[in-house]
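Novice: File coords.cif below, mmCIF, C-alpha atoms and all ligand atoms:
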data_work
#
loop_
_atom_site.label_atom_id
_atom_site.label_comp_id
_atom_site.auth_asym_id
_atom_site.auth_seq_id
_atom_site.Cartn_x
_atom_site.Cartn_y
_atom_site.Cartn_z
CA MET A 1 10.97 -62.53 -60.92
CA PRO A 2 14.50 -61.57 -59.76
CA LEU A 3 13.79 -60.48 -56.17
CA THR A 4 10.98 -62.10 -54.24
CA ILE A 5 10.27 -60.94 -50.71
CA ILE A 6 8.35 -63.25 -48.42
CA LEU A 7 7.15 -61.44 -45.30
CA ALA A 8 6.85 -64.44 -43.04
CA GLU A 9 4.70 -65.05 -39.96
CA CYS A 10 2.95 -61.69 -40.29
CA GLY A 11 0.75 -60.75 -37.35
CA LEU A 12 -2.33 -60.49 -39.55
CA GLU A 13 -5.54 -62.20 -38.45
CA LEU A 14 -9.20 -61.61 -37.74
CA ILE A 15 -10.03 -61.28 -34.05
CA PRO A 16 -9.93 -64.86 -32.75
CA LYS A 17 -13.18 -66.31 -31.31
CA GLU A 18 -11.64 -66.98 -27.89
CA ILE A 19 -11.30 -63.24 -27.10
CA ARG A 20 -14.24 -61.80 -29.06
CA LYS A 21 -16.28 -61.15 -25.92
CA HIS A 22 -13.51 -59.28 -24.08
CA PRO A 23 -14.48 -55.65 -23.30
CA ALA A 24 -11.41 -54.28 -25.15
CA ILE A 25 -12.62 -56.06 -28.29
CA GLN A 26 -16.30 -55.18 -27.92
CA ARG A 27 -15.45 -51.51 -27.34
CA ASN A 28 -13.78 -51.24 -30.75
CA LEU A 29 -15.87 -53.67 -32.81
CA LYS A 30 -18.31 -52.29 -35.38
CA ARG A 31 -20.21 -54.94 -37.32
CA ASP A 32 -20.30 -53.03 -40.61
CA ASN A 33 -16.68 -51.89 -40.41
CA TYR A 34 -14.11 -54.35 -41.80
CA SER A 35 -11.09 -52.62 -40.24
CA SER A 36 -12.43 -53.15 -36.70
CA GLN A 37 -12.48 -56.93 -37.28
CA LEU A 38 -8.70 -57.22 -37.55
CA LEU A 39 -6.66 -58.06 -34.45
CA ASP A 40 -4.58 -55.00 -33.54
CA ASN A 41 -2.30 -54.94 -30.52
CA ALA A 42 -2.65 -51.15 -30.22
CA LEU A 43 -6.41 -51.53 -29.56
CA HIS A 44 -6.71 -55.03 -28.16
CA HIS A 45 -3.62 -55.36 -25.99
CA SER A 46 -5.44 -56.23 -22.75
CA ALA A 47 -7.52 -58.89 -24.51
CA MET A 48 -4.46 -60.44 -26.15
CA VAL A 49 -2.23 -61.04 -23.13
CA LYS A 50 -3.11 -64.73 -22.78
CA LEU A 51 -2.96 -65.57 -26.48
CA LYS A 52 -0.35 -68.08 -27.64
CA ASP A 53 2.57 -66.47 -29.56
CA VAL A 54 1.35 -63.05 -28.49
CA GLY A 55 4.61 -61.29 -29.47
CA LYS A 56 3.99 -62.14 -33.12
CA ARG A 57 0.28 -61.30 -33.29
CA GLY A 58 -1.93 -58.28 -33.90
CA ARG A 59 0.60 -56.15 -35.81
CA PRO A 60 -0.97 -55.22 -39.17
CA ASP A 61 1.08 -52.00 -39.04
CA ILE A 62 4.28 -53.99 -39.65
CA THR A 63 2.90 -55.52 -42.86
CA HIS A 64 1.59 -52.09 -43.89
CA SER A 65 4.95 -50.34 -43.46
CA CYS A 66 6.82 -53.17 -45.22
CA LEU A 67 4.46 -53.11 -48.19
CA LEU A 68 4.62 -49.33 -48.56
CA ASN A 69 8.41 -49.47 -48.53
CA ALA A 70 8.69 -52.32 -51.02
CA LEU A 71 5.91 -51.36 -53.43
CA GLY A 72 7.06 -47.75 -53.69
CA SER A 73 10.63 -48.69 -54.60
CA PRO A 74 12.34 -48.21 -57.97
CA LEU A 75 12.83 -51.99 -57.92
CA ASN A 76 9.08 -52.57 -57.92
CA LYS A 77 8.45 -49.86 -60.49
CA SER A 78 11.05 -51.50 -62.77
CA GLY A 79 9.08 -54.76 -62.64
CA ASN A 80 11.72 -56.74 -60.75
CA LEU A 81 10.03 -57.33 -57.42
CA LYS A 82 7.46 -59.82 -56.22
CA ILE A 83 5.99 -59.87 -52.70
CA TYR A 84 4.20 -62.55 -50.73
CA ILE A 85 2.64 -62.18 -47.30
CA HIS A 86 2.63 -65.28 -45.13
CA THR A 87 0.52 -65.08 -41.97
CA LEU A 88 1.09 -66.74 -38.64
CA ASN A 89 -1.94 -68.93 -39.48
CA ASN A 90 -0.14 -70.12 -42.62
CA LYS A 91 -2.15 -68.29 -45.24
CA ILE A 92 -0.04 -67.06 -48.15
CA PHE A 93 -1.01 -64.15 -50.39
CA GLU A 94 0.64 -62.88 -53.55
CA ILE A 95 0.59 -59.12 -54.05
CA ASN A 96 0.12 -57.76 -57.55
CA PRO A 97 3.08 -55.31 -58.00
CA LYS A 98 0.66 -52.80 -59.55
CA ILE A 99 -1.52 -52.56 -56.43
CA LYS A 100 -1.76 -49.12 -54.84
CA ILE A 101 -1.82 -50.00 -51.15
CA ALA A 102 -3.85 -47.58 -49.00
CA ARG A 103 -1.57 -45.07 -47.31
CA ASN A 104 -4.17 -44.67 -44.58
CA TYR A 105 -3.71 -47.33 -41.90
CA ASN A 106 -7.40 -47.84 -41.16
CA ARG A 107 -8.18 -48.32 -44.83
CA PHE A 108 -5.30 -50.82 -45.03
CA LYS A 109 -6.73 -52.73 -42.06
CA GLY A 110 -10.11 -52.82 -43.78
CA LEU A 111 -8.47 -54.26 -46.90
CA MET A 112 -6.63 -56.94 -44.90
CA ALA A 113 -9.80 -57.97 -43.01
CA LYS A 114 -11.63 -58.31 -46.34
CA LEU A 115 -8.69 -60.33 -47.70
CA LEU A 116 -8.71 -62.72 -44.75
CA ARG A 117 -12.47 -63.25 -45.18
CA GLU A 118 -12.56 -63.62 -48.95
CA ASN A 119 -8.99 -64.82 -49.72
CA GLU A 120 -8.59 -62.39 -52.60
CA ILE A 121 -8.91 -58.73 -53.49
CA ARG A 122 -10.01 -57.86 -56.99
CA ILE A 123 -11.38 -54.87 -58.84
CA LYS A 124 -13.54 -56.25 -61.64
CA GLU A 125 -11.19 -58.50 -63.69
CA LEU A 126 -8.00 -57.28 -62.02
CA LEU A 127 -6.70 -59.52 -59.24
CA LEU A 128 -4.79 -57.33 -56.78
CA ILE A 129 -4.11 -59.88 -54.05
CA SER A 130 -4.54 -63.62 -54.54
CA GLN A 131 -4.08 -66.64 -52.33
CA PHE A 132 -1.30 -69.15 -52.93
CA ASN A 133 -2.68 -72.59 -52.20
CA GLY A 134 0.07 -74.45 -50.43
CA ASN A 135 2.65 -73.91 -47.72
CA LEU A 136 5.91 -71.97 -47.76
CA ARG A 137 7.89 -75.00 -48.86
CA ASN A 138 5.58 -75.48 -51.87
CA LEU A 139 5.93 -71.78 -52.67
CA VAL A 140 9.73 -71.68 -52.69
CA LYS A 141 9.83 -74.97 -54.63
CA SER A 142 7.84 -73.34 -57.44
CA PHE A 143 10.81 -71.06 -58.32
CA LYS A 144 13.57 -72.15 -60.70
CA LYS A 145 17.23 -70.99 -60.64
CA LYS A 146 16.82 -69.70 -57.10
CA GLU A 147 18.69 -68.82 -53.95
CA ILE A 148 16.81 -68.55 -50.67
CA VAL A 149 18.17 -66.15 -48.04
CA ILE A 150 16.66 -65.90 -44.56
CA PHE A 151 17.22 -62.59 -42.76
CA SER A 152 17.59 -62.73 -39.00
CA SER A 153 19.48 -60.78 -36.37
CA LYS A 154 20.78 -64.18 -35.24
CA GLY A 155 22.22 -65.00 -38.69
CA GLU A 156 25.82 -64.76 -39.83
CA LEU A 157 26.78 -61.10 -40.09
CA VAL A 158 27.36 -59.89 -43.66
CA LYS A 159 29.57 -56.79 -43.53
CA TYR A 160 29.85 -56.10 -47.26
CA HIS A 161 26.25 -55.61 -48.19
CA LEU A 162 26.89 -55.42 -51.89
CA ASP A 163 28.12 -59.03 -51.71
CA LEU A 164 24.63 -60.19 -50.74
CA PHE A 165 23.36 -60.47 -54.31
CA ASP A 166 25.02 -61.35 -57.61
CA LYS A 167 24.50 -58.91 -60.42
CA ASP A 168 22.14 -61.20 -62.31
CA LEU A 169 18.57 -60.27 -63.07
CA THR A 170 17.76 -63.77 -64.28
CA LYS A 171 18.46 -65.47 -60.96
CA ASN A 172 15.56 -65.75 -58.51
CA TYR A 173 16.51 -64.44 -55.10
CA ILE A 174 13.92 -65.33 -52.49
CA VAL A 175 14.41 -63.37 -49.29
CA ILE A 176 12.51 -64.20 -46.13
CA ILE A 177 11.91 -61.43 -43.59
CA GLY A 178 9.88 -61.76 -40.40
CA GLY A 179 6.70 -59.68 -40.43
CA PHE A 180 6.46 -59.75 -36.66
CA GLN A 181 7.56 -57.68 -33.69
CA LYS A 182 9.16 -60.09 -31.19
CA GLY A 183 10.65 -63.56 -31.28
CA TYR A 184 12.35 -65.56 -34.01
CA PHE A 185 11.31 -67.68 -36.99
CA ALA A 186 9.58 -71.00 -36.44
CA GLU A 187 11.75 -74.06 -37.10
CA ASP A 188 9.98 -74.99 -40.38
CA ILE A 189 10.89 -71.59 -41.81
CA LEU A 190 14.52 -71.82 -40.72
CA ASN A 191 14.66 -75.22 -42.45
CA LEU A 192 13.93 -73.61 -45.83
CA SER A 193 17.55 -72.51 -46.30
CA ASP A 194 21.05 -72.91 -44.91
CA LYS A 195 21.77 -69.28 -45.70
CA ILE A 196 20.68 -67.25 -42.67
CA VAL A 197 22.20 -63.78 -42.59
CA SER A 198 22.25 -60.70 -40.43
CA ILE A 199 22.94 -57.27 -41.94
CA SER A 200 23.43 -55.25 -38.78
CA ASN A 201 24.77 -55.43 -35.25
CA TYR A 202 21.25 -54.46 -34.15
CA SER A 203 17.84 -56.08 -34.26
CA LEU A 204 15.97 -53.79 -36.64
CA ASP A 205 12.33 -53.29 -37.54
CA ALA A 206 11.11 -55.39 -40.44
CA TRP A 207 10.38 -52.35 -42.65
CA VAL A 208 13.95 -51.08 -42.18
CA ILE A 209 15.24 -54.48 -43.30
CA VAL A 210 12.89 -54.47 -46.32
CA ASN A 211 14.12 -51.05 -47.28
CA LYS A 212 17.79 -52.00 -46.93
CA ILE A 213 17.49 -55.25 -48.85
CA VAL A 214 15.64 -53.60 -51.71
CA SER A 215 18.29 -50.85 -51.81
CA PHE A 216 21.21 -53.32 -51.80
CA TYR A 217 19.57 -55.23 -54.64
CA GLU A 218 18.89 -52.04 -56.63
CA ILE A 219 22.47 -50.80 -56.24
CA THR A 220 23.92 -54.17 -57.27
CA ASN A 221 21.76 -54.21 -60.40
CA ASN A 222 22.00 -50.49 -61.28
CA ILE A 223 18.28 -49.90 -60.81
CA ILE A 224 17.71 -46.26 -59.90
C1 LIG B 301 11.57 -56.86 -35.45
S1 LIG B 301 12.47 -58.18 -36.16
C2 LIG B 301 11.95 -59.53 -35.21
C3 LIG B 301 12.60 -59.50 -33.87
C4 LIG B 301 13.69 -60.49 -33.64
N1 LIG B 301 14.12 -60.36 -32.26
C5 LIG B 301 14.89 -60.31 -34.54
O1 LIG B 301 15.76 -59.51 -34.26
O2 LIG B 301 14.96 -61.00 -35.59
C6 LIG B 301 11.61 -58.48 -37.66
C7 LIG B 301 12.44 -59.11 -38.74
O3 LIG B 301 13.41 -58.20 -39.23
C8 LIG B 301 14.54 -58.94 -39.70
N2 LIG B 301 15.74 -58.44 -38.97
C9 LIG B 301 15.77 -57.68 -37.85
N3 LIG B 301 17.04 -57.38 -37.53
C10 LIG B 301 17.82 -57.97 -38.46
C11 LIG B 301 19.22 -58.02 -38.70
N4 LIG B 301 20.10 -57.44 -37.90
N5 LIG B 301 19.66 -58.70 -39.78
C12 LIG B 301 18.81 -59.31 -40.63
N6 LIG B 301 17.48 -59.30 -40.46
C13 LIG B 301 16.99 -58.64 -39.40
C14 LIG B 301 14.29 -60.40 -39.44
O4 LIG B 301 13.80 -60.99 -40.64
C15 LIG B 301 13.22 -60.34 -38.36
O5 LIG B 301 12.44 -61.50 -38.35
#
Show the structure stored in the file as structure tokens.
Ligand SMILES: C[S@@+](CC[C@H](N)C(=O)[O-])C[C@H]1O[C@@H](n2cnc3c(N)ncnc32)[C@H](O)[C@@H]1O

Specialist:
Amino acid sequence: MPLTIILAECGLELIPKEIRKHPAIQRNLKRDNYSSQLLDNALHHSAMVKLKDVGKRGRPDITHSCLLNALGSPLNKSGNLKIYIHTLNNKIFEINPKIKIARNYNRFKGLMAKLLRENEIRIKELLLISQFNGNLRNLVKSFKKKEIVIFSSKGELVKYHLDLFDKDLTKNYIVIIGGFQKGYFAEDILNLSDKIVSISNYSLDAWVIVNKIVSFYEITNNII
């Protein structure tokens, strides 16, 4: 698949045991409602303050916005995009390009909570989201004829955006974008490639970066 996006260290997780009894959690928790079981900084902020890596956690909205941007693109519709979600807890999921992700945020959260419980989403025979068994290094190793590019505001600034990708739909570009709000990639992710690039003088939201990268790739390859 020519362009593969890995949304890395996404703040997607079920409410961790250590804070389940906190009033901010109990207030919003409904046993028969999947969406209420997902950690969400907008609802659970006061319960989350003491969690480790708090700046990267409880942000399902970031994954949601990134997926809507990527899956709705001409690149995806042309069959040239693959997306993986990697969570902060090191689960990796492959998204079927044909999935119609819920536009409604609560329904999306419900889907993600179900995914984290069952490790797949399927409708009858059709697998919509499946788990990749292995770590990020195993995942990137499974691609042939590849180039891995890590996107970070701390990377080397690329001014000519159309130089980012070669016009070559047979080459596998694997781009890694952080699916989190604050902080920078963990060391083991930075070690996946020597090519770490920035595409702006500003630190931008992950979904803006997804949108820009997909657009640069589309323009380079005349996909409209
Ligand atoms: C909200 S940022 C994470 C915050 C972090 N302080 C930063 O600027 O990278 C989410 C992700 O968007 C991407 N990103 C943000 N600004 C970028 C930039 N100027 N160039 C390339 N990627 C960027 C990175 O992949 C980052 O992990």

Novice: Produce a table with one row for each residue of stretch 135-174 of chain A that has an atom at most 9 Å from any atom of stretch 197-203 of chain A, each row naming the nearest atom pair and its distance in Å at one decimal; use only C-alpha atoms; arrange rows by chain and rising residue number; format as CSV.

Specialist:
residue,atom,partner,partner_atom,distance
A:Val149,CA,A:Val197,CA,7.2
A:Ile150,CA,A:Val197,CA,6.3
A:Phe151,CA,A:Val197,CA,5.1
A:Ser152,CA,A:Ser198,CA,5.3
A:Ser153,CA,A:Ser198,CA,4.9
A:Lys154,CA,A:Ser198,CA,6.4
A:Gly155,CA,A:Val197,CA,4.1
A:Glu156,CA,A:Val197,CA,4.7
A:Leu157,CA,A:Ser198,CA,4.6
A:Val158,CA,A:Ile199,CA,5.4
A:Lys159,CA,A:Ile199,CA,6.8
A:Tyr160,CA,A:Ile199,CA,8.8
A:His161,CA,A:Ile199,CA,7.3

Novice: Rank A:Ile213, A:Ile148, A:Ala206, A:Ile219 by their smallest atom-to-atom distance to ligand LIG 301 (chain B), using only C-alpha atoms and all ligand atoms, and report the top residue only.

Specialist: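 Ranking A:Ile213, A:Ile148, A:Ala206, A:Ile219 by distance to ligand LIG 301 (chain B), first place goes to A:Ala206.
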
Novice: Compute the distance from (2.4, -53.0, -54.5) to each atom, counting all atoms listed in the file, keep the residues with any atom at most 10 Å away, and return them as a list in words; use the coordinates of the file.

Specialist: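 Neighbouring residues, ordered by chain and number, come to Leu67, Leu68, Asn69, Ala70, Leu71, Gly72, Ser73, Asn76, Lys77, Leu81, Lys82, Ile83, Ile95, Asn96, Pro97, Lys98, Ile99, Lys100, Ile101, Ala102, Leu128 and Ile129 of chain A.
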
Novice: For each of A:Thr63, A:Asn90, A:Asn135, A:Asn80, take the minimum atom-to-atom distance to ligand LIG 301 (chain B), counting only C-alpha atoms and all ligand atoms, then give the residue where this is smallest.

Specialist: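 Of all the options, A:Thr63 lies closest to ligand LIG 301 (chain B).
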
Novice: So which one's closest to ligand LIG 301 (chain B), A:Glu187, A:Asp205, A:Asp163, A:Glu18? Using only C-alpha atoms and all ligand atoms, please.

Specialist: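 Closest to ligand LIG 301 (chain B) of all the choices is A:Asp205.
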
Novice: Considering all atoms listed in the file, can you say which of A:Val214, A:Leu3, A:Ala8, A:Arg103 comes closest to A:Lys146?

Specialist: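 The answer is A:Leu3, which sits nearest to A:Lys146.
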
Novice: Choose the residue, out of A:Gln181, A:Asn191, A:Ser46, A:Asn211, that has the smallest atom-to-atom separation from ligand LIG 301 (chain B); count all atoms listed in the file.

Specialist: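 The shortest atom-to-atom distance to ligand LIG 301 (chain B) comes from A:Gln181.
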